[in-house]
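Engineer: What follows is data23.txt; its format and atoms are compact mmCIF, C-alpha atoms and all ligand atoms.
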```txt
# COMPACT_ATOMS: atom_id res chain seq x y z
CA MET A 1 -3.24 -9.19 -12.87
CA GLU A 2 -6.30 -7.02 -13.31
CA VAL A 3 -5.86 -3.38 -14.31
CA VAL A 4 -8.76 -1.05 -13.56
CA ILE A 5 -8.67 2.41 -15.15
CA VAL A 6 -10.78 4.97 -13.31
CA PRO A 7 -11.41 8.64 -14.16
CA ASP A 8 -9.66 10.09 -11.12
CA ALA A 9 -8.22 9.47 -7.67
CA ALA A 10 -11.60 9.76 -5.92
CA ALA A 11 -13.05 7.05 -8.18
CA GLY A 12 -10.05 4.85 -7.39
CA GLY A 13 -10.68 5.37 -3.69
CA GLU A 14 -14.31 4.40 -4.13
CA VAL A 15 -13.58 1.20 -6.08
CA ILE A 16 -11.05 0.02 -3.53
CA ALA A 17 -13.21 1.00 -0.54
CA GLU A 18 -15.97 -1.15 -2.11
CA ALA A 19 -13.53 -4.07 -2.25
CA VAL A 20 -12.68 -3.59 1.43
CA VAL A 21 -16.39 -3.48 2.31
CA SER A 22 -17.02 -6.71 0.44
CA LEU A 23 -14.03 -8.34 2.17
CA VAL A 24 -15.26 -7.26 5.62
CA ARG A 25 -18.74 -8.61 4.89
CA ARG A 26 -17.17 -11.99 4.13
CA ARG A 27 -14.63 -11.79 6.92
CA PRO A 28 -15.55 -9.32 9.71
CA ASP A 29 -12.15 -9.59 11.42
CA ALA A 30 -10.16 -9.16 8.19
CA LEU A 31 -6.55 -8.04 8.42
CA PHE A 32 -6.30 -4.95 6.20
CA GLY A 33 -2.76 -4.00 5.18
CA VAL A 34 -2.51 -0.27 4.68
CA ALA A 35 -0.02 1.93 2.89
CA THR A 36 1.04 5.50 3.54
CA GLY A 37 1.84 8.36 1.18
CA SER A 38 -0.79 10.62 -0.36
CA THR A 39 -2.17 8.15 -2.94
CA PRO A 40 -4.19 5.87 -0.59
CA LEU A 41 -5.92 8.75 1.22
CA PRO A 42 -9.04 8.69 -1.05
CA VAL A 43 -9.47 5.01 -0.12
CA TYR A 44 -9.48 5.80 3.60
CA LYS A 45 -11.80 8.75 3.04
CA ALA A 46 -14.29 6.66 1.04
CA LEU A 47 -14.15 3.82 3.56
CA ALA A 48 -14.64 6.13 6.54
CA ALA A 49 -17.69 7.65 4.81
CA LYS A 50 -19.17 4.16 4.36
CA VAL A 51 -18.54 3.35 8.02
CA ARG A 52 -20.17 6.61 9.14
CA GLY A 53 -23.10 5.90 6.80
CA GLY A 54 -23.64 2.47 8.37
CA VAL A 55 -22.83 0.63 5.12
CA VAL A 56 -20.40 -1.70 6.88
CA ASP A 57 -19.40 -2.61 10.42
CA VAL A 58 -15.60 -2.52 10.72
CA SER A 59 -15.49 -2.87 14.50
CA ARG A 60 -13.62 -6.20 14.31
CA VAL A 61 -11.29 -5.24 11.45
CA ARG A 62 -7.56 -5.30 12.14
CA VAL A 63 -5.08 -3.01 10.43
CA CYS A 64 -1.40 -3.58 9.75
CA GLN A 65 1.35 -1.34 8.53
CA LEU A 66 3.47 -1.84 5.43
CA ASP A 67 6.61 0.02 6.35
CA GLU A 68 8.15 2.48 8.80
CA TYR A 69 10.97 4.97 9.13
CA VAL A 70 13.83 3.96 11.39
CA GLY A 71 14.96 6.32 14.10
CA LEU A 72 12.17 8.89 14.24
CA PRO A 73 11.34 9.75 17.85
CA ALA A 74 8.25 7.94 19.23
CA GLY A 75 5.11 9.85 18.36
CA HIS A 76 6.74 11.84 15.53
CA PRO A 77 3.78 13.01 13.38
CA GLU A 78 5.37 11.62 10.20
CA SER A 79 6.26 8.21 11.58
CA TYR A 80 4.10 5.82 9.60
CA ARG A 81 2.62 4.57 12.85
CA SER A 82 1.34 8.09 13.56
CA VAL A 83 0.11 8.45 9.98
CA VAL A 84 -1.83 5.17 10.03
CA LEU A 85 -3.35 5.97 13.42
CA ARG A 86 -4.38 9.42 12.16
CA GLU A 87 -5.55 8.51 8.64
CA VAL A 88 -6.99 5.03 9.12
CA VAL A 89 -7.41 3.77 12.68
CA GLU A 90 -9.08 6.88 14.13
CA PRO A 91 -11.39 7.72 11.17
CA LEU A 92 -12.59 4.11 11.07
CA GLY A 93 -13.28 4.21 14.80
CA LEU A 94 -10.89 1.33 15.55
CA SER A 95 -8.93 0.96 18.75
CA ALA A 96 -5.14 1.15 18.82
CA GLU A 97 -5.18 -2.57 19.79
CA ALA A 98 -6.58 -3.38 16.34
CA PHE A 99 -3.41 -2.03 14.78
CA MET A 100 -0.02 -3.64 14.31
CA GLY A 101 3.20 -2.31 12.82
CA PRO A 102 6.97 -2.80 12.98
CA ASP A 103 8.88 -1.03 15.72
CA GLY A 104 10.99 1.62 13.99
CA ALA A 105 12.55 2.68 17.28
CA ALA A 106 13.75 -0.81 18.32
CA GLU A 107 17.33 -1.22 19.55
CA ASP A 108 17.58 -4.44 17.58
CA VAL A 109 16.03 -3.58 14.21
CA GLN A 110 16.62 -7.02 12.70
CA ALA A 111 14.81 -8.69 15.61
CA ALA A 112 11.95 -6.19 15.23
CA CYS A 113 11.66 -7.10 11.52
CA GLU A 114 11.58 -10.82 12.23
CA ALA A 115 9.06 -10.26 15.02
CA TYR A 116 6.82 -8.35 12.63
CA ASP A 117 6.83 -11.10 9.98
CA ALA A 118 6.03 -13.60 12.73
CA ALA A 119 3.22 -11.39 14.06
CA LEU A 120 1.65 -11.11 10.59
CA ALA A 121 1.71 -14.87 10.22
CA ALA A 122 0.32 -15.40 13.74
CA ALA A 123 -2.50 -12.99 12.88
CA GLY A 124 -3.47 -15.30 10.03
CA GLY A 125 -1.87 -13.30 7.23
CA VAL A 126 -2.99 -10.18 5.43
CA ASP A 127 -6.35 -10.42 3.64
CA LEU A 128 -6.01 -7.31 1.48
CA GLN A 129 -2.79 -5.36 1.16
CA LEU A 130 -3.16 -1.86 -0.25
CA LEU A 131 -0.07 -0.44 -1.97
CA GLY A 132 1.01 2.80 -3.55
CA ILE A 133 3.99 2.98 -5.87
CA GLY A 134 7.10 5.12 -5.81
CA THR A 135 8.22 7.01 -8.92
CA ASP A 136 11.02 4.43 -9.19
CA GLY A 137 8.56 1.52 -8.97
CA HIS A 138 9.10 0.77 -5.27
CA ILE A 139 6.37 -0.84 -3.17
CA GLY A 140 6.45 -0.37 0.58
CA PHE A 141 10.02 0.82 0.84
CA ASN A 142 11.43 -1.96 -1.35
CA GLU A 143 13.70 0.11 -3.49
CA PRO A 144 14.92 -1.03 -6.94
CA CYS A 145 16.90 -4.27 -6.82
CA SER A 146 15.23 -5.44 -3.63
CA SER A 147 15.06 -9.23 -3.68
CA LEU A 148 11.75 -10.45 -5.00
CA ALA A 149 11.85 -13.01 -2.17
CA SER A 150 12.71 -10.48 0.55
CA ARG A 151 11.22 -10.57 4.03
CA THR A 152 10.64 -7.64 6.36
CA ARG A 153 14.01 -5.97 6.90
CA ILE A 154 15.89 -2.70 7.08
CA LYS A 155 16.49 -0.83 3.81
CA THR A 156 18.31 2.32 2.78
CA LEU A 157 16.23 4.86 0.83
CA THR A 158 17.34 6.13 -2.55
CA GLU A 159 17.99 9.83 -2.90
CA GLN A 160 14.94 10.08 -5.19
CA THR A 161 12.60 8.61 -2.56
CA ARG A 162 13.99 10.97 0.09
CA VAL A 163 13.42 13.89 -2.29
CA ASP A 164 9.87 12.64 -3.03
CA ASN A 165 9.06 12.27 0.68
CA ALA A 166 10.65 15.55 1.83
CA ARG A 167 7.25 17.23 1.35
CA PHE A 168 6.05 15.42 4.47
CA PHE A 169 8.98 16.90 6.41
CA GLY A 170 8.44 20.56 5.61
CA GLY A 171 10.38 20.21 2.34
CA ASP A 172 13.61 19.60 4.26
CA ILE A 173 15.34 16.50 2.88
CA ASP A 174 17.72 16.44 5.84
CA GLN A 175 14.77 15.54 8.06
CA VAL A 176 13.92 12.44 5.96
CA PRO A 177 15.48 9.35 7.53
CA HIS A 178 17.90 7.32 5.42
CA HIS A 179 16.76 4.01 6.86
CA VAL A 180 13.41 2.26 6.97
CA ILE A 181 11.78 -1.03 7.84
CA THR A 182 9.62 -2.48 5.11
CA GLN A 183 7.65 -5.63 4.57
CA GLY A 184 9.70 -7.53 2.01
CA ILE A 185 8.41 -8.23 -1.46
CA GLY A 186 8.06 -11.89 -0.47
CA THR A 187 6.09 -10.80 2.60
CA ILE A 188 3.80 -8.56 0.53
CA LEU A 189 3.15 -11.35 -1.96
CA GLU A 190 1.79 -13.52 0.88
CA ALA A 191 -1.26 -11.26 1.24
CA ARG A 192 -4.33 -12.97 -0.17
CA HIS A 193 -5.23 -9.95 -2.35
CA VAL A 194 -2.83 -7.18 -3.31
CA VAL A 195 -4.31 -3.89 -4.55
CA LEU A 196 -2.04 -1.18 -5.90
CA LEU A 197 -3.39 2.32 -6.44
CA ALA A 198 -1.47 4.81 -8.60
CA THR A 199 -2.63 8.28 -9.57
CA GLY A 200 -1.09 11.13 -11.51
CA GLU A 201 1.21 11.39 -14.50
CA GLY A 202 4.29 11.10 -12.31
CA LYS A 203 3.47 7.42 -11.76
CA ALA A 204 2.71 6.56 -15.43
CA GLU A 205 6.17 5.26 -16.30
CA ALA A 206 6.47 3.17 -13.12
CA VAL A 207 2.99 1.73 -13.74
CA ALA A 208 3.75 0.83 -17.36
CA GLN A 209 6.99 -0.90 -16.41
CA SER A 210 5.35 -2.74 -13.53
CA VAL A 211 2.34 -3.96 -15.49
CA GLU A 212 3.69 -4.45 -19.00
CA GLY A 213 7.43 -4.79 -18.48
CA PRO A 214 9.32 -7.91 -17.44
CA VAL A 215 9.31 -9.10 -13.83
CA ALA A 216 12.53 -7.58 -12.57
CA ALA A 217 13.91 -6.61 -9.18
CA VAL A 218 14.87 -3.24 -10.64
CA VAL A 219 11.12 -2.48 -10.83
CA PRO A 220 9.89 -3.88 -7.50
CA ALA A 221 6.17 -3.50 -8.28
CA SER A 222 6.60 -5.82 -11.28
CA ALA A 223 6.66 -8.62 -8.68
CA LEU A 224 2.87 -8.26 -8.52
CA GLN A 225 2.78 -10.13 -11.83
CA LEU A 226 3.67 -13.21 -9.78
CA HIS A 227 0.64 -12.84 -7.49
CA PRO A 228 -2.51 -14.87 -8.24
CA HIS A 229 -4.81 -12.04 -7.14
CA ALA A 230 -3.30 -8.65 -7.87
CA THR A 231 -5.33 -5.60 -8.85
CA VAL A 232 -3.82 -2.38 -10.16
CA VAL A 233 -6.15 0.62 -9.99
CA VAL A 234 -4.96 3.64 -11.97
CA ASP A 235 -6.43 6.98 -12.91
CA GLU A 236 -6.28 8.20 -16.51
CA ALA A 237 -3.01 10.05 -15.95
CA ALA A 238 -1.23 7.08 -14.36
CA ALA A 239 -2.61 4.83 -17.14
CA SER A 240 -1.35 7.11 -19.91
CA LYS A 241 1.67 4.92 -20.82
CA LEU A 242 -0.14 1.57 -20.80
CA LYS A 243 -0.15 0.07 -24.31
CA LEU A 244 -2.90 -2.37 -23.33
CA ALA A 245 -5.19 0.33 -21.91
CA PRO A 246 -7.99 -0.36 -24.46
CA TYR A 247 -7.98 -4.04 -23.48
CA PHE A 248 -8.00 -3.23 -19.76
CA ARG A 249 -10.92 -0.82 -20.24
CA ALA A 250 -12.96 -3.31 -22.27
CA THR A 251 -12.33 -6.11 -19.79
CA TYR A 252 -13.42 -4.05 -16.81
CA ALA A 253 -16.48 -2.67 -18.65
CA ALA A 254 -17.61 -6.22 -19.41
CA LYS A 255 -17.07 -7.49 -15.87
CA PRO A 256 -20.17 -8.59 -13.98
CA PRO A 257 -20.64 -6.25 -10.99
CA TRP A 258 -21.02 -9.14 -8.51
CA GLN A 259 -17.44 -10.17 -9.22
CA GLY A 260 -15.90 -7.17 -7.46
CA LEU A 261 -12.14 -6.64 -7.62
N1 LIG A 301 6.69 3.96 1.59
C1 LIG A 301 5.79 4.78 0.86
C2 LIG A 301 5.13 3.95 -0.22
O1 LIG A 301 4.32 2.96 0.39
C3 LIG A 301 4.30 4.84 -1.12
O2 LIG A 301 3.68 4.06 -2.11
C4 LIG A 301 5.18 5.87 -1.76
C5 LIG A 301 4.45 6.77 -2.74
O3 LIG A 301 3.85 7.83 -2.07
P1 LIG A 301 2.76 8.78 -2.69
O4 LIG A 301 1.51 7.99 -2.75
O5 LIG A 301 2.64 9.92 -1.75
O6 LIG A 301 3.24 9.15 -4.04
O7 LIG A 301 5.72 6.67 -0.71
C6 LIG A 301 6.47 6.00 0.28
O8 LIG A 301 7.71 5.70 -0.23
```
For this file, write the structure as structure tokens.
Ligand SMILES: N[C@@H]1[C@@H](O)[C@H](O)[C@@H](COP(=O)(O)O)O[C@@H]1O
Structural biologist:
Amino acid sequence: MEVVIVPDAAAGGEVIAEAVVSLVRRRPDALFGVATGSTPLPVYKALAAKVRGGVVDVSRVRVCQLDEYVGLPAGHPESYRSVVLREVVEPLGLSAEAFMGPDGAAEDVQAACEAYDAALAAAGGVDLQLLGIGTDGHIGFNEPCSSLASRTRIKTLTEQTRVDNARFFGGDIDQVPHHVITQGIGTILEARHVVLLATGEGKAEAVAQSVEGPVAAVVPASALQLHPHATVVVDEAAASKLKLAPYFRATYAAKPPWQGL
């Protein structure tokens, strides 16, 4: 696992956008797994600026969703489908056909989950999966004690996650669904490169436990320790509880630029 400590969220966005650019240059039709929440927004902003500036051609890139609320009406502005279309697909100038996600409004949720795992595999697998992290260490919507081998499935949100996400629903926790579909931890670990971005002091404890604690289902992001190519990008605040921060800084400073993330 590589830990990259950057000065702030914008720098994190830039570093990861560079990694996406380098991926797309190698593989123009890359499947880019995107996350929601506020943390990844600087990545999408930096990437969209590069696309507008002609730095990279993303016209063949495909985008896939990490997770979704269950039961929000189609087109709800806070469904993750709407968010990804608004924050990623449109700014990058991609068509809706380039985008895939689980169907949170399906009658048969279990069948929708299985269909999504099958669709990801049929698409050749995810090349780079971007992740945020919940204050309780969740990735996607894999709450604590999710199986480290889990596949895409329905989950129940913890009270803490519903409180954290209420800000997207006008601060009204009653509007936050209880149920979600999320790529499983096993599904996420199948991506060829997993990049987790965490910013702000509120994520420092979850980051420290995920990076330096034991691999444990109670801290879902600790599963990234099992991945052969996992990168954790943190700003100074989110890095503040990492005991090995000096080592991570020295390693990154000594890294040859051609190596990328
Ligand atoms: N399902 C999403 C996660 O993918 C995201 O990482 C988390 C943190 O969000 P934020 O980045 O806004 O703190 O929120 C939600 O729970």
Engineer: Fewer than 6 positions away in the same chain doesn't count, so skip those; otherwise give me all residues within 9 Å of Ile173 in chain A, counting only C-alpha atoms, as a list in words.
Structural biologist: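 Counting only C-alpha atoms, the residues come to Arg162, Val163, Asp164, Asn165, Ala166 and Arg167 of chain A.
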Engineer: Using all atoms listed in the file, which residues sit within 10 Å of range 196-208 of chain A once same-chain residues fewer than 4 positions away are excluded, as a short mmCIF file (atom, residue, chain, number, x, y, z; two decimals) with C-alpha atoms, in the coordinates of the input?
Structural biologist:
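What landed in part.cif:
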```
data_model
loop_
_atom_site.label_atom_id
_atom_site.label_comp_id
_atom_site.auth_asym_id
_atom_site.auth_seq_id
_atom_site.Cartn_x
_atom_site.Cartn_y
_atom_site.Cartn_z
CA VAL A 3 -5.86 -3.38 -14.31
CA VAL A 4 -8.76 -1.05 -13.56
CA VAL A 6 -10.78 4.97 -13.31
CA PRO A 7 -11.41 8.64 -14.16
CA ASP A 8 -9.66 10.09 -11.12
CA ALA A 9 -8.22 9.47 -7.67
CA ALA A 10 -11.60 9.76 -5.92
CA GLY A 12 -10.05 4.85 -7.39
CA GLY A 13 -10.68 5.37 -3.69
CA ILE A 16 -11.05 0.02 -3.53
CA ALA A 35 -0.02 1.93 2.89
CA SER A 38 -0.79 10.62 -0.36
CA THR A 39 -2.17 8.15 -2.94
CA PRO A 40 -4.19 5.87 -0.59
CA VAL A 43 -9.47 5.01 -0.12
CA GLN A 129 -2.79 -5.36 1.16
CA LEU A 130 -3.16 -1.86 -0.25
CA LEU A 131 -0.07 -0.44 -1.97
CA GLY A 132 1.01 2.80 -3.55
CA ILE A 133 3.99 2.98 -5.87
CA GLY A 134 7.10 5.12 -5.81
CA THR A 135 8.22 7.01 -8.92
CA ASP A 136 11.02 4.43 -9.19
CA GLY A 137 8.56 1.52 -8.97
CA HIS A 138 9.10 0.77 -5.27
CA ILE A 139 6.37 -0.84 -3.17
CA GLU A 212 3.69 -4.45 -19.00
CA GLY A 213 7.43 -4.79 -18.48
CA VAL A 219 11.12 -2.48 -10.83
CA PRO A 220 9.89 -3.88 -7.50
CA ALA A 221 6.17 -3.50 -8.28
CA SER A 222 6.60 -5.82 -11.28
CA LEU A 224 2.87 -8.26 -8.52
CA ALA A 230 -3.30 -8.65 -7.87
CA THR A 231 -5.33 -5.60 -8.85
CA VAL A 232 -3.82 -2.38 -10.16
CA VAL A 233 -6.15 0.62 -9.99
CA VAL A 234 -4.96 3.64 -11.97
CA ASP A 235 -6.43 6.98 -12.91
CA GLU A 236 -6.28 8.20 -16.51
CA ALA A 237 -3.01 10.05 -15.95
CA ALA A 238 -1.23 7.08 -14.36
CA ALA A 239 -2.61 4.83 -17.14
CA SER A 240 -1.35 7.11 -19.91
CA LYS A 241 1.67 4.92 -20.82
CA LEU A 242 -0.14 1.57 -20.80
CA LYS A 243 -0.15 0.07 -24.31
CA LEU A 244 -2.90 -2.37 -23.33
#
```
Engineer: Between CA of Glu14 in chain A and CA of Ala46 in chain A, what distance in Å does the model show, to one decimal?
Structural biologist: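 CA of Ala46 in chain A lies 5.6 Å from CA of Glu14 in chain A.
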Engineer: Could you jot down the CA of Val56 in chain A to CA of Ala19 in chain A separation for me, Å, one decimal place?
Structural biologist: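 Interatomic distance here is 11.7 Å.
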Engineer: In Å, how far is it from CA of Val126 in chain A to CA of Thr187 in chain A?
Structural biologist: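 Computed distance, CA of Val126 in chain A to CA of Thr187 in chain A, equals 9.5 Å.
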Engineer: Might you pull out every residue within 8 Å of Phe248 in chain A, with only C-alpha atoms counted and same-chain residues fewer than 2 positions away left off, and present them as a PyMOL selection string?
Structural biologist: chain A and resi 2-5+244-246+250-252
Engineer: Write out as a ChimeraX atom specification the residues lying within 8 Å of Asp117 in chain A, counting only C-alpha atoms and excluding same-chain residues fewer than 4 positions away.
Structural biologist: /A:113,121,151-152,183,187
Engineer: How would the residues just picked look written out with C-alpha atoms as a JSON list (two decimals), keeping the file's coordinate frame?
Structural biologist:
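So again-v2.json came out as:
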```json
[["chain", "number", "residue", "atom", "x", "y", "z"],
["A", 113, "CYS", "CA", 11.66, -7.10, 11.52],
["A", 121, "ALA", "CA", 1.71, -14.87, 10.22],
["A", 151, "ARG", "CA", 11.22, -10.57, 4.03],
["A", 152, "THR", "CA", 10.64, -7.64, 6.36],
["A", 183, "GLN", "CA", 7.65, -5.63, 4.57],
["A", 187, "THR", "CA", 6.09, -10.80, 2.60]]
```
Engineer: Between A:Leu120, A:Gly71, A:Pro256, A:Val58, single out the one closest to Ser95 in chain A, counting only C-alpha atoms.
Structural biologist: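 Closest to Ser95 in chain A of all the choices is A:Val58.
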Engineer: Please determine the residues with any atom at most 10 Å from (15.0, -8.6, -1.1) (coordinates as given in the file, with only C-alpha atoms counting) and report them as a VMD selection string.
Structural biologist: chain A and resid 142 to 153 155 183 to 187 217 220
Engineer: So, with only C-alpha atoms as the atoms that count, which of A:Val51, A:Val180, A:Val61, A:Ala254 lies closest to Pro28 in chain A?
Structural biologist: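 Of all the options, A:Val61 lies closest to Pro28 in chain A.
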Engineer: For Val109 in chain A, which of A:Thr158, A:Thr36, A:Thr182, A:Ser22 is the closest residue, counting all atoms listed in the file?
Structural biologist: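 When distances to Val109 in chain A are compared using all atoms listed in the file, the smallest one comes from A:Thr182.
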Engineer: Is it possible to get the axis-aligned box enclosing ligand LIG 301 (chain A) (all listed atoms, 5 Å extra per side) as AutoDock Vina command-line options, with centre and edge lengths in Å rounded to one decimal?
Structural biologist:
```
--center_x 4.6 --center_y 6.4 --center_z -1.2 --size_x 16.2 --size_y 17.0 --size_z 15.6
```
Engineer: When you look at Pro228 in chain A with a cut-off of 10 Å (counting only C-alpha atoms), what residues show up, excluding the ones that are within fewer than 5 positions of it in the same chain? I need them as a ChimeraX atom specification.
Structural biologist: /A:1,189,192-194
Engineer: From the options A:Gln65, A:Ser79, A:Gln225, A:Ser210, which residue's atoms come nearest to Pro177 in chain A, counting only C-alpha atoms?
Structural biologist: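 Nearest candidate to Pro177 in chain A out of A:Gln65, A:Ser79, A:Gln225, A:Ser210: A:Ser79.
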Engineer: I need the residue nearest ligand LIG 301 (chain A) from this list: A:Glu159, A:Glu97, A:Asp29, A:Asp108. Use all atoms listed in the file for the distance.
Structural biologist: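 Going through A:Glu159, A:Glu97, A:Asp29, A:Asp108 one by one, the smallest distance to ligand LIG 301 (chain A) is for A:Glu159.
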Engineer: With distances taken over only C-alpha atoms, which of A:Lys45, A:Arg60, A:His178, A:Arg26 is nearest to Arg86 in chain A?
Structural biologist: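 Selected residue with least distance to Arg86 in chain A: A:Lys45.
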Engineer: Name the residues, using the chain letters and numbers of the file, that sit within 8 Å of (2.2, 0.7, 6.6) when counting all atoms listed in the file, and give them as a short mmCIF file (atom, residue, chain, number, x, y, z; two decimals) with C-alpha atoms, keeping the file's coordinate frame.
Structural biologist:
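Final file, point-v5.cif:
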```cif
data_model
loop_
_atom_site.label_atom_id
_atom_site.label_comp_id
_atom_site.auth_asym_id
_atom_site.auth_seq_id
_atom_site.Cartn_x
_atom_site.Cartn_y
_atom_site.Cartn_z
CA GLY A 33 -2.76 -4.00 5.18
CA VAL A 34 -2.51 -0.27 4.68
CA ALA A 35 -0.02 1.93 2.89
CA THR A 36 1.04 5.50 3.54
CA CYS A 64 -1.40 -3.58 9.75
CA GLN A 65 1.35 -1.34 8.53
CA LEU A 66 3.47 -1.84 5.43
CA ASP A 67 6.61 0.02 6.35
CA GLU A 68 8.15 2.48 8.80
CA TYR A 80 4.10 5.82 9.60
CA ARG A 81 2.62 4.57 12.85
CA VAL A 84 -1.83 5.17 10.03
CA GLY A 101 3.20 -2.31 12.82
CA GLY A 140 6.45 -0.37 0.58
#
```
